[in-house]
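Report on the following structure.
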Amino acid sequence: MSLRAKGMTVAFGKLTAVSTVDLEIADGEVVALLGPSGCGKSTLLRALAGLEPTAVGTVEWDEQDLAGVPVHRRGFGLVFQDGQLFPHRDVAGNVAFGLRMLRVPDGERQARVAELLSLVGLDGYQRRRVTELSGGEQQRVALARALAPRPRLLLLDEPLSALDRALREQLALDLARVLAEAGTTALVVTHDHDEAFTLADRVAVMRAGSIVQTGRPEQVWRCPADEQTAAFLGARTVLDATVADGRAATPLGVVGLPWAPAGRVRIALRPNALRADPDGSVDAEVLGRVHRRDHVRLVVRPSTVDIGEVDAVAPVGAAPQVGERVRLALDPDGVAVLPSA
Amino acid sequence: MIATALIPLGFLAVFFVWPVAAIVHRGLSAGGVAAVLGRADTWELVGFTLGQAAASTAVALLAGMPVAFVTARVRLPWIGLLRVLVLVPFVLPTIVVGLAFRTLIPDGGVVAIVLANAFFNVAVVARTVGGLWTHLDRRAEDAARSLGASRLTAFRTVTLPALAPAVGSAAAVVFLFSATSFGVVLVLGAAEYRTLETEIYLRTVELFDLPGAAALSLLQIVAVLAALVAGAVARRRRESALRLRAKEETARRPVGPEWTVVALALAIVGLLMTPIVAMVLRSLSTSDGWGLAGYRALAGTGDRGVLAVSGVDAALNSLRTATDATALALVLGLTASVVLVSLRRGRHRAALVEAVDTALMLPLGVSAVTVGFGYLITLDALPGDLRTSPLLVPLAQALVITPLIIRIMVPVLSSIDTRLRQAAATLGAGPVRVWREVDLPLAARSLLSAAAFGYVVALGEFGATSFLARPDAPTLPVAIGALISRPGELNNQMAYAACTLLMVVTVAVVLLVERLRAPAANLGEF
């Protein structure tokens with residue numbers, strides 16, 4: 001019960017959207033395909049579903065080549081960014097669609113619809129019109145519809161991107177729970193790393209048509225494959241450092257990184273790698289500040305070391321003003337380690 | 001998919017290309033075509049045909065634009081009624097339109113012909129341009145205004161260029177209809193003004209001058225092809241370039257100078273109603289005051305038995321014929337639309353798709369008389385002599401209305417989100433099942449409205465029907481044609497009464513269509 005794609009290439013005329021990609025998804029595993037918009041991740045997902053012809057390479061399910069298997073016989077569910085519910089059917093009609101295609105008897109079908117609506121938190125919504133649902137409810141129905149025929153693999157194409165932020169975070173947690181409860185093998189395409197790390201057992205980072213790194217979420221988060229991947233994951237300031245005894249000596253001070261390999265490395269800092277701290281070792285001038293949800297984001301210029309402007313964070317209650325000086329300390333949570341150049 | 005395409009194309013080949021080619025061939029092989037083409041009066045004929053078509057197109061565009069604006073951009077309680085009223089002239093039988101204008105301008109002439117053609121086609125402009133205007137993003141205009149453009153400048157520099165493809169497409173269709181209009185010119189032009197269409201009729205039916213008719217048919221086909229290609233080019237630009245919005249976002253109460261345009265549109269619709277009202281009044285006025293003599297006479301065969309059957313029988317015959325024609329055209333039109341939309345979605349060459357599209361539109365523009373006469377000399381080669389079959393007239397009418405059904409259905413079917421169909425496919429629906437489960441239910445209301453629309457056009461079809469209908473089974477328009485060509489107060493009364501009846505049926509169907517019209521169908525071209 002596993003998917004294996006080998007050397008997949010998808011081209012539109014002269015434009016190569018996906019180039020020689022290898023990808024494996026094990027039984028019950030949830031993999032996130034993470035990358036910036038336009039990197040070819042949605043095209044890869046559509047090619048796996050059979051919606052885009054693969055120019056080169058193979059897609060196999062349990063070692064069976066899927067090249068000649070049309071979309072409707074692959075048994076792969078698909079959830080679109082904007083639901084794509086059938087407007088002429090009610091909620092139950094949408095969820096039951098795949099079951100009708102499988103000729104599931106009526107009673108069984110109704111029971112399964114009720115079960116799935118309950119799973120996605122929409123008990124009793126059977127007779128509602130889909131056009132009257134909110135965006136979040138529509139996406140839940142779309143998920144129930146895709147899960148109803150028990151697909152071998154569930155493909156989710158930016159399933160939460162069309163929703164507003166608070167709803168997105170709630171639904172991401174719900175989605176993770178539903179996928180775990182249903183034990184579904186799934187591939188989620190997203191450009192949002194929070195979403196990817198919330199949902200996935202394994203993350204594949206994609207850039208310009210190729211997969212540049214795959215690994216467990218914390219692995220990708222802590223050790224991006226290269227500088228561009230680190231920048232995509234929000235770590236934009238790159239410094240040289242030396243790791244010994246689980247501690248990294250950097251131009252901005254020493255920070256404990258017990259998981260980092262010893263020796264000369266490069267580290268990449270996210271904004272939260274530098275925190276305002278009265279006992280910090282770095283002195284800096286505040287050049288700019290903006291309020292974020294639960295902290296203040298600063299732009300600072302350290303005076304002790306010549307690395308130009310960097311990002312830092314401060315608690316909302318004790319944030320310095322522009323022009324003031326601030327003391328900063330390194331926070332290991334914001335530090336990623338790059339492979340040595 | 002290619003195999004499915006063979007059904008409508010096959011029909012087109014047997015019931016259109018073959019008869020037309022046979023006529024042209026017969027004409028060419030008899031010789032004398034060169035002589036016809038060399039004569040000065042042939043080119044005068046061409047000049048008059050194109051000239052009156054160009055003038056009609058210009059008038060229809062001028063009158064149609066304000067109406068398009070009002071139906072697309074204005075939110076007022078009575079706009080729905082306005083939309084229905086504008087559509088009425090287009091579905092009126094051409095013979096009725098001709099007759100309506102004769103009650104206003106008894107002497108006929110060029111002005112009457114141009115006005116009648118424009119009257120007939122204002123709906124095409126209002127619908128085609130209004131359809132696009134409805135869905136045009138208002139914010140581009142707002143941006144221009146905020147950058148300092150006046151209302152007029154914003155319209156001229158932003159809105160009009162965005163509408164240009166629809167205007168071009170409408171102009172091509174109106175030009176086509178006006179250049180081949182038959183009933184109107186026949187009734188209003190009398191013997192003095194002739195177009196290619198009426199001349200082909202005259203030469204074929206009365207002078208038996210086949211080489212002449214064939215030469216003129218060839219000329220007409222060339223002109224029609226040019227107009228169709230222009231329309232196809234305009235359509236393609238339109239489909240690629242625009243971000244469209246839902247109507248709710250674009251319509252609002254008029255402000256300031258917009259009221260002037262609203263008043264103008266109302267005046268135009270008022271003018272459109274004048275010939276219709278005049279005709280209704282005429283049908284009710286007898287030599288001794290108001291009365292229903294004309295309507296009562298429909299139970300009989302007219303003064304001195306002009307008709308072989310009673311007016312009521314002709315009406316019933318009309319309903320039967322139009323029903324058969326609509327059923328046939330629905331099967332053909334739907335198949336053709338599905339094929340066209342699939343071709344466009346697939347990775348086929350755009351040129352091939354456009355060629356199929358244009359081929360399916362051809363019957364709109366080729367002389368109905370040519371087609372009708374072609375039937376008479378070719379269809380005996382088919383098993384079961386169709387020439388004497390009651391199916392002959394429905395076949396010809398289906399040929400006329402199938403392109404209209406295609407023009408309504410193609411935009412609706414293409415507007416169905418491909419991803420909706422892909423969602424169905426990933427849930428296990430095969431290609432045919434996807435059409436049945438997704439496309440058909442979503443397009444059902446438009447299909448119904450296309451059927452009703454085709455039905456009224458078939459009901460009013462005059463050109464081919466007048467040529468093919470057997471004398472003992474005339475349709476109502478053919479009966480009207482016979483009645484007005486004979487003297488007698490009662491015959492005239494009867495003709496006007498029959499016209500009014502035909503119009504009442506038409507308006508009732510149009511009202512029904514408007515109620516059925518799905519929101520998505522607003523992008524349709526008529």
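Each chain in the structure tokens gets a letter, A, B, ..., in the order shown, and its residues are numbered from 1; ligands are numbered from 1 in order too.
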Chain A contacts to chain B at 12 Å (only C-alpha atoms) as a ChimeraX atom specification: /A:12-13,46,48-53,69-89,93-103,142-157
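Every protein or nucleic acid residue with an atom no more than 10 Å from stretch 245-249 of chain A, counting only C-alpha atoms and leaving out same-chain residues fewer than 3 positions away, appears here: Asp240, Ala241, Thr242, Leu252, Gly253, Val254, Val255, Gly256, Leu257, Pro258, Trp259, Ala260, Pro261, Ala262, Gly263, Arg264, Val265, Ile267 and Pro332 of chain A.
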Close residues, stretch 40-49 of chain B itself excluded, 8 Å, only C-alpha atoms, min 5 positions apart in chain, as a PyMOL selection string: chain B and resi 179+194-196
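Excluding A:Leu298 and any residue on its chain fewer than 5 positions from it, the residues at most 6 Å away by only C-alpha atoms are A:Gly288, A:Arg289, A:Asp311, A:Ala312, A:Val313.
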Contacts of B:Ser466 within 9 Å, only C-alpha atoms, excl. fewer than 6 positions in-chain, as a PyMOL selection string: chain B and resi 369+372+474-475+477-479+481
Since we have the selection now, will you write its residues out, keeping C-alpha atoms, as a PDB file, in the first residue's frame?
```
ATOM      1  CA  VAL B 369     -33.497  29.336 -50.481  1.00  0.00           C
ATOM      2  CA  GLY B 372     -34.203  24.496 -49.780  1.00  0.00           C
ATOM      3  CA  PRO B 474     -48.258  25.484 -44.784  1.00  0.00           C
ATOM      4  CA  THR B 475     -46.894  26.825 -41.507  1.00  0.00           C
ATOM      5  CA  PRO B 477     -45.567  32.304 -41.516  1.00  0.00           C
ATOM      6  CA  VAL B 478     -46.013  30.711 -44.948  1.00  0.00           C
ATOM      7  CA  ALA B 479     -49.760  31.248 -44.696  1.00  0.00           C
ATOM      8  CA  GLY B 481     -46.878  35.250 -46.776  1.00  0.00           C
TER       9      GLY B 481
END
```
Residue contacts of B:Thr506 (7 Å, only C-alpha atoms) excluding same-chain residues fewer than 5 positions away, as a list in words: Val91, Leu92 and Val456 of chain B
Generate a file of the selected residues that holds N, CA and C atoms, formatted as an mmCIF file, in the first residue's frame.
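Contents of the output file part_0.cif:
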```cif
data_model
loop_
_atom_site.group_PDB
_atom_site.id
_atom_site.type_symbol
_atom_site.label_atom_id
_atom_site.label_comp_id
_atom_site.auth_asym_id
_atom_site.auth_seq_id
_atom_site.Cartn_x
_atom_site.Cartn_y
_atom_site.Cartn_z
ATOM 1 N N VAL B 91 -36.894 37.350 -31.969
ATOM 2 C CA VAL B 91 -37.512 36.053 -32.227
ATOM 3 C C VAL B 91 -38.794 36.167 -33.036
ATOM 4 N N LEU B 92 -39.185 37.403 -33.378
ATOM 5 C CA LEU B 92 -40.359 37.537 -34.238
ATOM 6 C C LEU B 92 -40.031 36.982 -35.615
ATOM 7 N N VAL B 456 -39.043 29.076 -30.816
ATOM 8 C CA VAL B 456 -39.703 30.259 -31.381
ATOM 9 C C VAL B 456 -39.077 30.659 -32.713
#
```
7 Å contact set for stretch 327-344 of chain B, only C-alpha atoms, chain neighbours under 4 positions out, as an MDAnalysis selection string: chainID B and resid 1 4:5 8 323 348 353 357 398 401:403 405:406 409:410 413:414 451
The selected residues should be written to file as a compact mmCIF listing (two decimals), in the first residue's frame (atoms: all heavy atoms).
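Writing done, so here's result-v8.txt:
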```
# COMPACT_ATOMS: atom_id res chain seq x y z
N MET B 1 -14.09 11.04 -28.79
CA MET B 1 -14.59 12.41 -28.95
C MET B 1 -14.69 12.79 -30.43
O MET B 1 -15.67 13.37 -30.87
CB MET B 1 -13.64 13.37 -28.22
CG MET B 1 -14.23 14.72 -27.95
SD MET B 1 -15.99 14.71 -27.53
CE MET B 1 -15.96 14.11 -25.85
N THR B 4 -17.75 11.27 -31.87
CA THR B 4 -18.98 12.00 -31.54
C THR B 4 -19.13 13.21 -32.45
O THR B 4 -20.24 13.58 -32.82
CB THR B 4 -18.95 12.47 -30.07
OG1 THR B 4 -18.32 11.46 -29.30
CG2 THR B 4 -20.33 12.71 -29.55
N ALA B 5 -18.00 13.80 -32.80
CA ALA B 5 -18.03 14.99 -33.65
C ALA B 5 -18.64 14.66 -35.01
O ALA B 5 -19.16 15.53 -35.70
CB ALA B 5 -16.63 15.55 -33.83
N PRO B 8 -22.87 15.61 -35.60
CA PRO B 8 -23.30 16.89 -36.16
C PRO B 8 -22.63 17.20 -37.50
O PRO B 8 -23.29 17.76 -38.40
CB PRO B 8 -22.90 17.92 -35.10
CG PRO B 8 -21.98 17.23 -34.18
CD PRO B 8 -22.23 15.77 -34.30
N THR B 323 -41.83 21.73 -33.19
CA THR B 323 -41.48 20.76 -32.16
C THR B 323 -40.48 19.74 -32.70
O THR B 323 -39.45 19.46 -32.07
CB THR B 323 -42.75 20.03 -31.67
OG1 THR B 323 -43.71 21.00 -31.29
CG2 THR B 323 -42.43 19.12 -30.49
N HIS B 348 -5.95 20.27 -28.39
CA HIS B 348 -6.03 20.27 -29.84
C HIS B 348 -5.59 21.62 -30.36
O HIS B 348 -5.61 22.61 -29.64
CB HIS B 348 -7.44 19.95 -30.30
CG HIS B 348 -7.87 18.58 -29.92
ND1 HIS B 348 -7.54 17.47 -30.65
CD2 HIS B 348 -8.58 18.14 -28.87
CE1 HIS B 348 -8.04 16.41 -30.07
NE2 HIS B 348 -8.68 16.78 -28.98
N VAL B 353 -10.13 23.69 -33.84
CA VAL B 353 -11.34 23.96 -33.07
C VAL B 353 -12.13 25.09 -33.71
O VAL B 353 -13.34 24.99 -33.89
CB VAL B 353 -10.96 24.33 -31.61
CG1 VAL B 353 -12.21 24.60 -30.81
CG2 VAL B 353 -10.15 23.22 -30.98
N ASP B 357 -15.89 25.05 -35.29
CA ASP B 357 -16.84 26.05 -34.79
C ASP B 357 -17.46 26.83 -35.95
O ASP B 357 -18.68 26.95 -36.08
CB ASP B 357 -16.08 26.99 -33.84
CG ASP B 357 -17.04 27.83 -33.01
OD1 ASP B 357 -18.19 27.99 -33.44
OD2 ASP B 357 -16.64 28.33 -31.96
N ALA B 398 -34.24 22.79 -38.46
CA ALA B 398 -33.22 22.36 -37.50
C ALA B 398 -31.85 22.91 -37.92
O ALA B 398 -31.05 23.32 -37.08
CB ALA B 398 -33.17 20.85 -37.41
N ILE B 401 -31.72 26.50 -36.68
CA ILE B 401 -31.66 26.81 -35.24
C ILE B 401 -30.52 26.10 -34.50
O ILE B 401 -30.15 26.52 -33.42
CB ILE B 401 -33.01 26.53 -34.53
CG1 ILE B 401 -33.42 25.08 -34.67
CG2 ILE B 401 -34.07 27.47 -35.04
CD1 ILE B 401 -34.73 24.78 -33.95
N THR B 402 -29.96 25.04 -35.10
CA THR B 402 -28.85 24.37 -34.43
C THR B 402 -27.70 25.33 -34.10
O THR B 402 -27.19 25.31 -32.98
CB THR B 402 -28.34 23.18 -35.26
OG1 THR B 402 -29.44 22.31 -35.51
CG2 THR B 402 -27.25 22.42 -34.54
N PRO B 403 -27.28 26.19 -35.04
CA PRO B 403 -26.19 27.13 -34.70
C PRO B 403 -26.55 28.03 -33.51
O PRO B 403 -25.69 28.33 -32.68
CB PRO B 403 -26.02 27.97 -35.97
CG PRO B 403 -26.56 27.12 -37.06
CD PRO B 403 -27.66 26.32 -36.46
N ILE B 405 -28.50 27.25 -30.98
CA ILE B 405 -28.40 26.43 -29.76
C ILE B 405 -26.93 26.26 -29.38
O ILE B 405 -26.56 26.35 -28.21
CB ILE B 405 -29.11 25.08 -29.98
CG1 ILE B 405 -30.62 25.34 -30.03
CG2 ILE B 405 -28.75 24.08 -28.88
CD1 ILE B 405 -31.47 24.14 -30.28
N ILE B 406 -26.09 26.05 -30.40
CA ILE B 406 -24.66 25.91 -30.12
C ILE B 406 -24.11 27.19 -29.48
O ILE B 406 -23.38 27.14 -28.50
CB ILE B 406 -23.88 25.57 -31.42
CG1 ILE B 406 -24.30 24.20 -31.93
CG2 ILE B 406 -22.38 25.62 -31.18
CD1 ILE B 406 -23.72 23.85 -33.27
N MET B 409 -25.19 27.25 -25.88
CA MET B 409 -24.69 26.19 -24.99
C MET B 409 -23.18 26.21 -24.81
O MET B 409 -22.68 25.88 -23.74
CB MET B 409 -25.13 24.81 -25.52
CG MET B 409 -26.62 24.54 -25.42
SD MET B 409 -27.32 24.99 -23.82
CE MET B 409 -26.57 23.77 -22.76
N VAL B 410 -22.44 26.59 -25.86
CA VAL B 410 -20.98 26.51 -25.74
C VAL B 410 -20.44 27.39 -24.61
O VAL B 410 -19.66 26.92 -23.78
CB VAL B 410 -20.28 26.83 -27.09
CG1 VAL B 410 -18.81 27.14 -26.91
CG2 VAL B 410 -20.45 25.65 -28.04
N LEU B 413 -21.41 25.71 -21.23
CA LEU B 413 -20.64 24.50 -20.94
C LEU B 413 -19.18 24.83 -20.66
O LEU B 413 -18.55 24.22 -19.80
CB LEU B 413 -20.75 23.51 -22.11
CG LEU B 413 -22.12 22.84 -22.28
CD1 LEU B 413 -22.16 22.02 -23.55
CD2 LEU B 413 -22.45 21.97 -21.08
N SER B 414 -18.63 25.83 -21.38
CA SER B 414 -17.21 26.14 -21.11
C SER B 414 -17.04 26.83 -19.77
O SER B 414 -15.94 26.85 -19.23
CB SER B 414 -16.54 27.00 -22.19
OG SER B 414 -17.32 27.21 -23.27
N ALA B 451 -33.67 25.47 -25.91
CA ALA B 451 -34.72 24.75 -26.62
C ALA B 451 -35.90 25.68 -26.91
O ALA B 451 -36.41 25.73 -28.04
CB ALA B 451 -35.19 23.56 -25.80
```
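Minimum distance to B:Ala314 across B:Ala498, B:Ala58, B:Leu163, B:Ala154 (counting only C-alpha atoms) occurs at B:Ala498.
Minimum distance to A:Val178 across A:Ser161, A:Val220, A:Val104, A:Val30 (counting only C-alpha atoms) occurs at A:Val30.
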Helix (DSSP H, G or I) per DSSP on the backbone: members of stretch 86-142 of chain A, as JSON, numbers by chain: {"A": [91, 92, 93, 94, 95, 96, 97, 98, 99, 100, 101, 106, 107, 108, 109, 110, 111, 112, 113, 114, 115, 116, 117, 118, 119, 130, 131, 132, 135, 136, 137, 138, 139, 140, 141, 142]}
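Atom CA of B:Gly289 is positioned 14.0 Å from atom CA of B:Leu490.
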All strand (DSSP E or B) positions in stretch 283-397 of chain B, as a ChimeraX atom specification: /B:285-286,289-290
